[in-house]
$ cat input_24.cif   # mmCIF, C-alpha atoms
data_model
#
loop_
_atom_site.label_atom_id
_atom_site.label_comp_id
_atom_site.auth_asym_id
_atom_site.auth_seq_id
_atom_site.Cartn_x
_atom_site.Cartn_y
_atom_site.Cartn_z
CA CYS V 22 9.36 13.99 -13.30
CA GLY V 23 11.49 10.86 -13.10
CA TYR V 24 14.52 12.87 -12.03
CA ALA V 25 12.46 14.72 -9.42
CA CYS V 26 11.21 11.39 -8.08
CA ILE V 27 14.79 10.17 -7.66
CA VAL V 28 15.90 13.34 -5.86
CA HIS V 29 12.97 13.25 -3.42
CA ALA V 30 13.44 9.53 -2.81
CA MET V 31 17.10 10.10 -1.91
CA ARG V 32 15.95 12.76 0.55
CA GLY V 33 13.49 10.32 2.14
CA GLU V 34 10.45 12.28 0.93
CA MET V 35 8.59 9.22 -0.26
CA SER V 36 5.08 10.64 -0.76
CA THR V 37 6.39 13.47 -2.93
CA ALA V 38 8.63 11.11 -4.88
CA ALA V 39 5.74 8.75 -5.61
CA LEU V 40 3.57 11.64 -6.79
CA PHE V 41 6.08 12.56 -9.49
CA ILE V 42 5.68 9.11 -11.04
CA GLY V 43 1.95 9.82 -11.10
CA PHE V 44 2.61 13.15 -12.83
CA ALA V 45 4.80 11.37 -15.38
CA PHE V 46 2.00 8.86 -15.99
CA VAL V 47 -0.50 11.64 -16.77
CA LEU V 48 1.96 13.47 -19.03
CA ASP V 49 2.76 10.23 -20.85
CA MET V 50 -0.94 9.86 -21.71
CA LEU V 51 -1.14 13.42 -23.00
CA ASP V 52 2.06 13.95 -24.99
CA GLY V 53 1.16 11.74 -27.93
CA ARG V 54 -2.37 13.11 -28.17
CA ILE V 55 -1.13 16.70 -28.05
CA ALA V 56 1.45 15.96 -30.76
CA ARG V 57 -1.22 14.46 -33.02
CA MET V 58 -3.66 17.32 -32.37
CA THR V 59 -1.03 19.94 -33.20
CA GLY V 60 0.46 18.01 -36.14
CA THR V 61 3.92 17.88 -34.54
CA THR V 62 4.47 14.11 -34.51
CA SER V 63 7.95 12.97 -35.56
CA ALA V 64 10.35 10.04 -35.35
CA PHE V 65 12.44 12.11 -32.94
CA GLY V 66 9.45 12.44 -30.63
CA VAL V 67 8.90 8.68 -30.61
CA GLU V 68 12.50 7.96 -29.63
CA PHE V 69 12.68 10.79 -27.09
CA ASP V 70 9.45 9.60 -25.47
CA SER V 71 10.95 6.15 -24.93
CA LEU V 72 14.12 7.59 -23.38
CA ALA V 73 12.04 9.67 -20.98
CA ASP V 74 9.94 6.59 -20.14
CA VAL V 75 13.04 4.59 -19.21
CA ILE V 76 13.86 7.21 -16.58
CA SER V 77 10.35 7.93 -15.29
CA PHE V 78 8.98 4.36 -15.42
CA GLY V 79 12.16 2.33 -15.07
CA VAL V 80 14.92 4.01 -13.06
CA ALA V 81 12.72 6.21 -10.86
CA PRO V 82 10.38 3.49 -9.49
CA ALA V 83 13.35 1.15 -8.98
CA ILE V 84 15.21 3.71 -6.85
CA LEU V 85 12.00 4.67 -5.07
CA SER V 86 11.38 1.03 -4.13
CA PHE V 87 14.98 0.53 -3.05
CA LYS V 88 15.00 3.56 -0.74
CA TRP V 89 11.50 2.75 0.55
CA ALA V 90 12.03 -0.87 1.59
CA LEU V 91 14.63 -2.86 -0.37
CA GLU V 92 17.78 -1.19 0.97
CA PRO V 93 18.04 -3.54 4.00
CA LEU V 94 18.35 -6.47 1.58
CA GLY V 95 21.63 -5.13 0.24
CA GLN V 96 22.68 -6.69 -3.08
CA ILE V 97 19.40 -8.57 -3.41
CA GLY V 98 17.52 -5.28 -3.13
CA TRP V 99 19.48 -3.43 -5.79
CA ALA V 100 19.44 -6.52 -8.03
CA ALA V 101 15.63 -6.52 -7.90
CA GLY V 102 15.64 -2.84 -8.81
CA PHE V 103 18.02 -3.52 -11.69
CA LEU V 104 15.69 -6.24 -12.95
CA PHE V 105 12.85 -3.70 -13.01
CA VAL V 106 14.96 -1.18 -14.96
CA ALA V 107 16.08 -3.81 -17.48
CA ALA V 108 12.53 -5.08 -17.96
CA ALA V 109 11.23 -1.55 -18.56
CA ALA V 110 13.94 -0.91 -21.16
CA VAL V 111 13.21 -4.20 -22.96
CA ARG V 112 9.46 -3.54 -22.82
CA LEU V 113 9.84 -0.09 -24.39
CA ALA V 114 12.19 -1.34 -27.12
CA ARG V 115 9.80 -4.15 -27.99
CA PHE V 116 6.86 -1.74 -28.06
CA ASN V 117 8.63 0.53 -30.57
CA ILE V 118 9.26 -2.42 -32.87
CA GLN V 119 5.79 -3.96 -32.62
CA ALA V 120 3.72 -0.76 -32.50
CA PRO V 121 3.05 -0.50 -36.29
CA THR V 122 1.63 -4.04 -36.50
CA GLN V 123 0.18 -4.43 -33.02
CA ASP V 124 -3.55 -4.59 -32.26
CA LYS V 125 -4.37 -1.15 -30.88
CA ARG V 126 -6.88 -2.64 -28.45
CA TYR V 127 -4.21 -4.47 -26.46
CA PHE V 128 -0.68 -4.15 -25.10
CA VAL V 129 1.66 -7.14 -25.30
CA GLY V 130 2.99 -7.31 -21.77
CA LEU V 131 2.28 -4.93 -18.93
CA PRO V 132 2.92 -1.33 -20.09
CA SER V 133 5.87 0.28 -18.31
CA PRO V 134 3.79 3.25 -16.99
CA ALA V 135 1.29 0.83 -15.42
CA ALA V 136 4.16 -1.23 -13.97
CA ALA V 137 5.73 1.89 -12.46
CA VAL V 138 2.44 2.92 -10.88
CA VAL V 139 2.35 -0.29 -8.82
CA PRO V 140 5.32 0.62 -6.55
CA ALA V 141 4.44 4.32 -6.74
CA ALA V 142 0.87 3.76 -5.52
CA THR V 143 2.09 1.39 -2.81
CA VAL V 144 4.64 3.88 -1.54
CA PHE V 145 2.11 6.71 -1.73
CA ALA V 146 -0.38 4.67 0.35
CA TYR V 147 2.23 3.76 2.98
CA PRO V 148 5.10 6.28 2.81
CA ALA V 149 6.67 5.18 6.12
CA GLY V 150 8.28 2.23 4.37
CA PHE V 151 10.11 -0.74 5.89
CA GLN V 152 13.47 -0.65 7.60
CA GLY V 153 13.84 -4.24 8.75
CA TYR V 154 15.44 -7.11 6.86
CA ALA V 155 12.51 -9.52 7.33
CA GLU V 156 9.96 -6.86 6.43
CA ALA V 157 11.69 -6.10 3.14
CA TRP V 158 11.41 -9.59 1.66
CA PRO V 159 7.68 -9.40 0.74
CA VAL V 160 8.35 -6.09 -1.03
CA LEU V 161 10.43 -7.94 -3.62
CA SER V 162 7.21 -9.17 -5.22
CA MET V 163 6.10 -5.54 -5.72
CA VAL V 164 9.11 -5.04 -8.00
CA ILE V 165 9.75 -8.47 -9.52
CA VAL V 166 6.17 -9.34 -10.52
CA PRO V 167 5.59 -6.16 -12.58
CA ALA V 168 9.06 -6.60 -14.11
CA LEU V 169 8.27 -10.12 -15.30
CA LEU V 170 4.86 -9.05 -16.60
CA MET V 171 6.46 -6.26 -18.64
CA VAL V 172 8.54 -8.73 -20.64
CA SER V 173 5.78 -11.33 -20.84
CA THR V 174 3.42 -11.86 -23.79
CA ILE V 175 0.28 -11.52 -21.67
CA ARG V 176 -2.12 -9.06 -23.26
CA TYR V 177 -3.38 -6.05 -21.36
CA ARG V 178 -6.34 -3.97 -22.45
CA SER V 179 -5.53 -0.59 -24.01
CA PHE V 180 -7.89 2.35 -23.59
CA LYS V 181 -6.48 4.29 -26.53
CA THR V 182 -9.33 3.15 -28.79
CA LEU V 183 -12.04 4.23 -26.35
CA ASP V 184 -14.55 6.42 -28.22
CA LEU V 185 -16.11 8.91 -25.83
CA GLN V 186 -18.38 10.30 -28.54
CA SER V 187 -20.51 7.18 -28.93
CA ARG V 188 -23.62 6.44 -26.90
CA ARG V 189 -21.95 3.43 -25.34
CA SER V 190 -19.45 5.75 -23.68
CA TYR V 191 -22.04 7.27 -21.33
CA PRO V 192 -21.56 4.58 -18.64
CA VAL V 193 -17.80 5.02 -19.00
CA LEU V 194 -18.09 8.76 -18.49
CA PHE V 195 -20.23 8.15 -15.41
CA LEU V 196 -17.67 5.74 -14.00
CA ILE V 197 -14.94 8.31 -14.64
CA ALA V 198 -16.96 10.88 -12.70
CA VAL V 199 -17.41 8.43 -9.82
CA GLY V 200 -13.68 7.68 -9.90
CA LEU V 201 -12.82 11.37 -9.71
CA ALA V 202 -15.13 11.78 -6.73
CA VAL V 203 -13.53 8.84 -4.92
CA LEU V 204 -10.08 10.11 -5.88
CA ALA V 205 -10.84 13.47 -4.28
CA SER V 206 -12.07 11.85 -1.07
CA SER V 207 -9.61 8.98 -0.73
CA PRO V 208 -6.77 9.28 -3.25
CA ARG V 209 -4.35 6.85 -1.61
CA PHE V 210 -6.85 4.00 -1.48
CA LEU V 211 -8.20 4.52 -5.00
CA LEU V 212 -4.79 4.80 -6.68
CA LEU V 213 -3.60 1.66 -4.91
CA ALA V 214 -6.75 -0.25 -5.91
CA MET V 215 -6.53 0.91 -9.53
CA ALA V 216 -2.84 -0.02 -9.83
CA TYR V 217 -3.29 -3.58 -8.59
CA ALA V 218 -6.62 -4.02 -10.38
CA TYR V 219 -5.01 -3.32 -13.75
CA LEU V 220 -2.03 -5.51 -12.82
CA SER V 221 -4.36 -8.46 -12.23
CA SER V 222 -6.84 -7.63 -15.01
CA ALA V 223 -4.97 -9.71 -17.59
CA PHE V 224 -5.20 -12.83 -15.43
CA ILE V 225 -8.90 -12.23 -14.82
CA GLY V 226 -9.40 -11.84 -18.57
CA LEU V 227 -7.52 -15.07 -19.30
CA ALA V 228 -9.61 -16.98 -16.77
CA TRP V 229 -12.82 -15.52 -18.19
CA HIS V 230 -11.93 -16.49 -21.79
CA ARG V 231 -11.02 -20.02 -20.75
CA LEU V 232 -14.34 -20.43 -18.97
CA ARG V 233 -16.21 -19.19 -22.04
CA ARG V 234 -14.30 -21.50 -24.39
CA ARG V 235 -14.83 -24.56 -22.20
CA PRO V 236 -17.02 -27.04 -24.13
CA PRO V 237 -20.47 -27.66 -22.62
CA GLN V 238 -20.79 -30.81 -20.57
CA LYS V 239 -22.65 -33.65 -22.15
CA GLU V 240 -26.05 -34.43 -20.84
CA GLU V 241 -26.40 -37.43 -18.60
CA SER V 242 -28.59 -39.20 -21.12
CA GLU V 243 -25.97 -38.81 -23.85
CA GLU V 244 -23.28 -40.17 -21.57
CA LEU V 245 -25.33 -43.24 -20.88
CA LEU V 246 -25.66 -43.84 -24.62
#

$ encode --input "input_24.cif" --output "structure tokens"
Amino acid sequence: CGYACIVHAMRGEMSTAALFIGFAFVLDMLDGRIARMTGTTSAFGVEFDSLADVISFGVAPAILSFKWALEPLGQIGWAAGFLFVAAAAVRLARFNIQAPTQDKRYFVGLPSPAAAVVPAATVFAYPAGFQGYAEAWPVLSMVIVPALLMVSTIRYRSFKTLDLQSRRSYPVLFLIAVGLAVLASSPRFLLLAMAYAYLSSAFIGLAWHRLRRRPPQKEESEELL
């Protein structure tokens, strides 16, 4: 899928190229589960999965972003793409090392598939792209911000521990059904909203925890004492 994305991006077929990153995202969620269900997990599979992720969630979105809008920036554009590739590779290597001891409820740093979906969803929503030098500058943030978040220590929520068999999962199943309905009616808008919502979710969570930990204000009478 990553290779197909690169080929279509070089041809200028941006919508198709972005879709292949989406396909890679879905397959990345399924491969580990299928391996565990069939009893075919192995150390080789773990390493091969990471190599495939570097292509599909590192190289492919970087080239897609470069051909879509960053090419007018010249060296600055390809340097931003290189930063994204390097960050994805570092993120995947760190994940392999920390996976055995890491809290399964969270990811340390933005996961590379979620980071790749940010430029992919943006390109899919607006495939025409940008050809001007001034227009390309704001697009740098679409590549650099996810890259920095990948190598950060900010925690992102993982949905791997979600138990769909419990009673508490009924609202989640309903929300999934609503999401599928919206996806069928307006896929470009929903995918874009989901990509940036997850990107910003860690900051919203940090702000929420800080507000909850803030000590209660003393009463006016106590202050007077």

$ residues_around --input "input_24.cif" --residues "Leu161 in chain V" --least-positions-apart "6" --cutoff "12 Å" --atoms "only C-alpha atoms" --output "PyMOL selection string"
chain V and resi 83+86-87+89-94+97-105+140+151+154-155+167-168

$ atom_distance --input "input_24.cif" --atom1 "CA of Ser173 in chain V" --atom2 "CA of Gly130 in chain V"
5.0 Å

$ atom_distance --input "input_24.cif" --atom1 "CA of Ala30 in chain V" --atom2 "CA of Ile84 in chain V"
7.3 Å

$ atom_distance --input "input_24.cif" --atom1 "CA of Ile27 in chain V" --atom2 "CA of Asn117 in chain V"
25.6 Å

$ axis_aligned_box --input "input_24.cif" --around "range 157-161 of chain V" --padding-each-side "3 Å" --output "lines of an AutoDock Vina configuration file"
center_x = 9.7
center_y = -7.8
center_z = -0.2
size_x = 10.0
size_y = 9.5
size_z = 12.8

$ closest_residue --input "input_24.cif" --among "V:Arg231, V:Arg112, V:Arg176, V:Arg54" --to "Arg126 in chain V" --atoms "only C-alpha atoms"
V:Arg176

$ closest_residue --input "input_24.cif" --among "V:Cys26, V:Val106, V:Ala135, V:Ala81" --to "Ala216 in chain V" --atoms "all atoms listed in the file"
V:Ala135

$ residues_around --input "input_24.cif" --residues "Phe44 in chain V" --least-positions-apart "2" --cutoff "12 Å" --atoms "only C-alpha atoms" --output "ChimeraX atom specification"
/V:22-26,37-42,46-51,77-78,134,137-138,141

$ residues_near_point --input "input_24.cif" --point "(-1.9, 8.1, -3.6)" --cutoff "7 Å" --atoms "all atoms listed in the file" --output "ChimeraX atom specification"
/V:142,145-146,208-210,212-213

$ residues_around --input "input_24.cif" --residues "Tyr219 in chain V" --least-positions-apart "5" --cutoff "9 Å" --atoms "all atoms listed in the file" --output "list in words"
Ala135, Tyr177, Arg178 and Ala214 of chain V

$ write_last_selection --input "input_24.cif" --atoms "C-alpha atoms" --output "PDB file, in the coordinates of the input"
ATOM      1  CA  ALA V 135       1.290   0.830 -15.420  1.00  0.00           C
ATOM      2  CA  TYR V 177      -3.380  -6.050 -21.360  1.00  0.00           C
ATOM      3  CA  ARG V 178      -6.340  -3.970 -22.450  1.00  0.00           C
ATOM      4  CA  ALA V 214      -6.750  -0.250  -5.910  1.00  0.00           C
TER       5      ALA V 214
END

$ residues_around --input "input_24.cif" --residues "Arg115 in chain V" --least-positions-apart "6" --cutoff "10 Å" --atoms "all atoms listed in the file" --output "number ranges by chain"
V: 109, 129-130, 172

$ decode --input "input_24.cif" --residues "range 24-129 of chain V" --atoms "C-alpha atoms" --output "mmCIF file, in the first residue's frame"
data_model
loop_
_atom_site.group_PDB
_atom_site.id
_atom_site.type_symbol
_atom_site.label_atom_id
_atom_site.label_comp_id
_atom_site.auth_asym_id
_atom_site.auth_seq_id
_atom_site.Cartn_x
_atom_site.Cartn_y
_atom_site.Cartn_z
ATOM 1 C CA TYR V 24 4.495 1.679 -2.544
ATOM 2 C CA ALA V 25 1.183 2.144 -4.378
ATOM 3 C CA CYS V 26 0.713 5.486 -2.619
ATOM 4 C CA ILE V 27 4.130 6.648 -3.820
ATOM 5 C CA VAL V 28 3.461 5.601 -7.424
ATOM 6 C CA HIS V 29 0.076 7.354 -7.557
ATOM 7 C CA ALA V 30 1.497 10.465 -5.895
ATOM 8 C CA MET V 31 4.241 10.674 -8.540
ATOM 9 C CA ARG V 32 1.530 10.449 -11.188
ATOM 10 C CA GLY V 33 -0.392 13.311 -9.568
ATOM 11 C CA GLU V 34 -3.307 11.062 -8.551
ATOM 12 C CA MET V 35 -3.552 12.457 -5.054
ATOM 13 C CA SER V 36 -6.934 11.089 -3.955
ATOM 14 C CA THR V 37 -5.972 7.543 -4.909
ATOM 15 C CA ALA V 38 -2.567 7.896 -3.278
ATOM 16 C CA ALA V 39 -4.098 9.102 -0.009
ATOM 17 C CA LEU V 40 -6.558 6.198 -0.006
ATOM 18 C CA PHE V 41 -3.718 3.667 -0.018
ATOM 19 C CA ILE V 42 -2.431 5.087 3.265
ATOM 20 C CA GLY V 43 -5.936 4.544 4.621
ATOM 21 C CA PHE V 44 -5.848 0.939 3.381
ATOM 22 C CA ALA V 45 -2.474 0.464 5.071
ATOM 23 C CA PHE V 46 -3.924 1.856 8.305
ATOM 24 C CA VAL V 47 -6.762 -0.693 8.282
ATOM 25 C CA LEU V 48 -4.424 -3.579 7.454
ATOM 26 C CA ASP V 49 -2.049 -2.496 10.220
ATOM 27 C CA MET V 50 -4.896 -2.814 12.732
ATOM 28 C CA LEU V 51 -5.801 -6.283 11.479
ATOM 29 C CA ASP V 52 -2.473 -8.040 10.919
ATOM 30 C CA GLY V 53 -1.549 -8.469 14.575
ATOM 31 C CA ARG V 54 -5.030 -9.621 15.542
ATOM 32 C CA ILE V 55 -5.140 -12.143 12.700
ATOM 33 C CA ALA V 56 -1.704 -13.478 13.669
ATOM 34 C CA ARG V 57 -2.808 -13.951 17.285
ATOM 35 C CA MET V 58 -6.110 -15.572 16.267
ATOM 36 C CA THR V 59 -4.357 -18.042 13.969
ATOM 37 C CA GLY V 60 -1.421 -18.677 16.314
ATOM 38 C CA THR V 61 1.129 -17.482 13.754
ATOM 39 C CA THR V 62 2.835 -14.730 15.771
ATOM 40 C CA SER V 63 6.630 -14.642 15.505
ATOM 41 C CA ALA V 64 9.634 -12.376 16.030
ATOM 42 C CA PHE V 65 9.989 -12.211 12.255
ATOM 43 C CA GLY V 66 6.453 -10.851 11.973
ATOM 44 C CA VAL V 67 7.182 -8.118 14.511
ATOM 45 C CA GLU V 68 10.268 -6.919 12.634
ATOM 46 C CA PHE V 69 8.649 -7.221 9.203
ATOM 47 C CA ASP V 70 5.630 -5.236 10.408
ATOM 48 C CA SER V 71 7.890 -2.367 11.465
ATOM 49 C CA LEU V 72 9.699 -2.346 8.107
ATOM 50 C CA ALA V 73 6.370 -2.186 6.285
ATOM 51 C CA ASP V 74 5.238 0.624 8.614
ATOM 52 C CA VAL V 75 8.307 2.715 7.781
ATOM 53 C CA ILE V 76 7.284 2.625 4.119
ATOM 54 C CA SER V 77 3.519 3.007 4.498
ATOM 55 C CA PHE V 78 3.510 5.493 7.406
ATOM 56 C CA GLY V 79 6.862 7.206 6.926
ATOM 57 C CA VAL V 80 8.076 7.375 3.323
ATOM 58 C CA ALA V 81 4.668 7.303 1.607
ATOM 59 C CA PRO V 82 3.027 10.222 3.490
ATOM 60 C CA ALA V 83 6.232 12.265 3.191
ATOM 61 C CA ILE V 84 6.319 11.882 -0.594
ATOM 62 C CA LEU V 85 2.573 12.424 -0.812
ATOM 63 C CA SER V 86 2.888 15.701 1.103
ATOM 64 C CA PHE V 87 5.865 16.802 -0.980
ATOM 65 C CA LYS V 88 4.111 16.212 -4.310
ATOM 66 C CA TRP V 89 0.849 17.692 -2.999
ATOM 67 C CA ALA V 90 2.142 21.021 -1.708
ATOM 68 C CA LEU V 91 5.749 21.104 -0.463
ATOM 69 C CA GLU V 92 7.534 20.826 -3.814
ATOM 70 C CA PRO V 93 7.495 24.620 -4.440
ATOM 71 C CA LEU V 94 9.540 25.066 -1.250
ATOM 72 C CA GLY V 95 12.465 23.166 -2.751
ATOM 73 C CA GLN V 96 15.020 22.003 -0.175
ATOM 74 C CA ILE V 97 12.841 23.131 2.725
ATOM 75 C CA GLY V 98 10.017 20.945 1.425
ATOM 76 C CA TRP V 99 12.051 17.773 1.072
ATOM 77 C CA ALA V 100 13.777 18.460 4.409
ATOM 78 C CA ALA V 101 10.372 18.555 6.110
ATOM 79 C CA GLY V 102 9.495 15.258 4.444
ATOM 80 C CA PHE V 103 12.794 13.762 5.585
ATOM 81 C CA LEU V 104 12.045 14.867 9.140
ATOM 82 C CA PHE V 105 8.737 12.988 8.965
ATOM 83 C CA VAL V 106 10.433 9.811 7.681
ATOM 84 C CA ALA V 107 13.139 9.978 10.364
ATOM 85 C CA ALA V 108 10.575 10.567 13.114
ATOM 86 C CA ALA V 109 8.484 7.602 11.953
ATOM 87 C CA ALA V 110 11.550 5.334 11.957
ATOM 88 C CA VAL V 111 12.581 6.479 15.450
ATOM 89 C CA ARG V 112 9.009 6.099 16.722
ATOM 90 C CA LEU V 113 8.756 2.518 15.442
ATOM 91 C CA ALA V 114 12.165 1.536 16.850
ATOM 92 C CA ARG V 115 11.261 2.973 20.240
ATOM 93 C CA PHE V 116 7.910 1.179 20.197
ATOM 94 C CA ASN V 117 9.583 -2.193 19.578
ATOM 95 C CA ILE V 118 11.880 -1.652 22.553
ATOM 96 C CA GLN V 119 9.228 -0.365 24.961
ATOM 97 C CA ALA V 120 6.318 -2.597 23.910
ATOM 98 C CA PRO V 121 6.930 -5.394 26.480
ATOM 99 C CA THR V 122 6.899 -2.982 29.447
ATOM 100 C CA GLN V 123 4.562 -0.291 28.139
ATOM 101 C CA ASP V 124 1.064 0.350 29.506
ATOM 102 C CA LYS V 125 -1.241 -1.182 26.911
ATOM 103 C CA ARG V 126 -3.801 1.574 27.445
ATOM 104 C CA TYR V 127 -1.517 4.271 26.030
ATOM 105 C CA PHE V 128 1.025 4.977 23.311
ATOM 106 C CA VAL V 129 4.138 6.996 24.166
#
